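*Asks:* I have a structure here, written as structure tokens, and I will follow up with some questions on it.
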Amino acid sequence: MPTIVKTCMTCRCTRHHPTDKFRVNASGKLLDVWMLVGCEKCDRTTKIPLHERIHVQALAHDRLVAYENNDPAMVRRLLHEAPAGGPGYRLDWTGTWELDTDMPFYEVERKDAPPLEVLVRFEVPAPVRVENLLTAGLKLSRSAVRGMVRAGRIRLPSAVDAKVRADFSFFVLPDSLARH
């Protein structure tokens with residue numbers, strides 16, 4: 001789960017974590033809904049507004065039930081849909097991803113290696129820099145990855161320094177096919 005970047009009113013720490021709890025407050029037929037987050041340093045609970053003065057009929061029933069039952073899946077869903085609480089908050093995804101690979105042995109730097117198509121699938125849409133995925137997955141240095149991209153040996157659908165969060169594939173080519 002990403003860290004929510006927001007300044008704590010008690011200790012001025014800027015890192016908060018979801019508590020997997022919501023607060024729903026009704027005033028007649030209008031609802032206010034907040035996601036509760038805790039400061040990583042002092043554990044003070046803060047509310048991040050999700051819905052303010054929304055008519056009860058305007059909120060999908062299953063969503064309201066998820067809020068009332070403190071559904072942790074709803075917390076994850078909300079964190080992946082948009083920055084929590086809209087303007088004034090941002091998400092820090094540092095250290096939130098790991099690469100699982102079932103890639104068989106393949107000598108990626110070998111000049112006569114056969115062409116290889118690699119499919120990258122995201123279990124969770126965490127934004128990750130393409131270069132970081134390649135260095136971890138291919139077990140190469142950043143300079144080696146950038147050199148192979150410049151030489152056309154690694155063909156990407158986006159820039160090597162771009163952040164991606166959706167499935168994509170790329171190709172690793174031998175020298176003989178790299179510039180063709």
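If you're wondering about the labels, chains in the structure tokens are A, B, ... by order shown, residues count from 1 in each chain, ligands from 1 in order shown.
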Tell me, as a PyMOL selection string, which residues lie within 8 Å of Ile54 of chain A, counting only C-alpha atoms; anything in the same chain fewer than 6 positions away does not count.
*Replies:* chain A and resi 30-32
*Asks:* Would you save the residues of that selection, restricted to N, CA, C and O atoms, as a short mmCIF file (atom, residue, chain, number, x, y, z; two decimals), in the first residue's frame?
*Replies:*
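Dumped to result17.cif:
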data_model
loop_
_atom_site.label_atom_id
_atom_site.label_comp_id
_atom_site.auth_asym_id
_atom_site.auth_seq_id
_atom_site.Cartn_x
_atom_site.Cartn_y
_atom_site.Cartn_z
N LEU A 30 -28.29 13.32 3.80
CA LEU A 30 -26.96 13.66 3.29
C LEU A 30 -25.89 12.92 4.09
O LEU A 30 -26.00 12.77 5.31
N LEU A 31 -24.86 12.46 3.39
CA LEU A 31 -23.77 11.71 4.03
C LEU A 31 -22.43 12.42 3.84
O LEU A 31 -22.18 13.03 2.81
N ASP A 32 -21.61 12.29 4.85
CA ASP A 32 -20.19 12.63 4.75
C ASP A 32 -19.44 11.33 4.98
O ASP A 32 -19.78 10.56 5.89
#
*Asks:* Output as a ChimeraX atom specification all residues of chain A that backbone DSSP marks as strand (DSSP E or B).
*Replies:* /A:3-5,15-27,30-39,45-55,90-92,116-120,128-129,154-155,163-164,168-172
*Asks:* Find the residues around Pro2 of chain A up to 6 Å (only C-alpha atoms counted), leave out those fewer than 2 positions away in its own chain, and share them as a list in words.
*Replies:* Leu91, Asp92 and Trp93 of chain A
*Asks:* In Å, how far is it from atom CA of Trp34 of chain A to atom CA of Asp71 of chain A?
*Replies:*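 Computing it gives 13.1 Å between the two atoms.
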*Asks:* For a quick check of understanding, using only C-alpha atoms, which of A:Val160, A:Ala151, A:Val130, A:Val5 has the smallest distance to Leu173 of chain A?
*Replies:* A:Ala151
*Asks:* Interatomic distance between atom CA of Ala26 of chain A and atom CA of Asn70 of chain A?
*Replies:*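 One can read the atom CA of Ala26 of chain A to atom CA of Asn70 of chain A distance as 16.2 Å.
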*Asks:* Do you have the atom CA of His17 of chain A-atom CA of Val65 of chain A distance handy?
*Replies:*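 Calculated distance between atom CA of His17 of chain A and atom CA of Val65 of chain A is 22.3 Å.
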*Asks:* I need the residue nearest His51 of chain A from this list: A:Thr19, A:Thr135, A:Ser169, A:Asn25. Use only C-alpha atoms for the distance.
*Replies:* A:Asn25
*Asks:* Considering only C-alpha atoms, state which residue in the set A:Asp161, A:Asp112, A:Asp43, A:Glu117 is at the smallest distance from Asn132 of chain A.
*Replies:*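 Using only C-alpha atoms, Asn132 of chain A sits closest to A:Asp161.
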*Asks:* Have a look at A:Cys8, A:Val164, A:Ala58, A:Val37 and name the one nearest to Phe122 of chain A; count only C-alpha atoms.
*Replies:*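 Closest residue, counting only C-alpha atoms: A:Val164.
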*Asks:* Hey, what's within 12 Å of Ile154 of chain A if we count only C-alpha atoms and toss same-chain stuff fewer than 5 positions away? As a PyMOL selection string, please?
*Replies:* chain A and resi 108-109+115-118+130-131+134+138+144-149+159-160+169-175+177-179
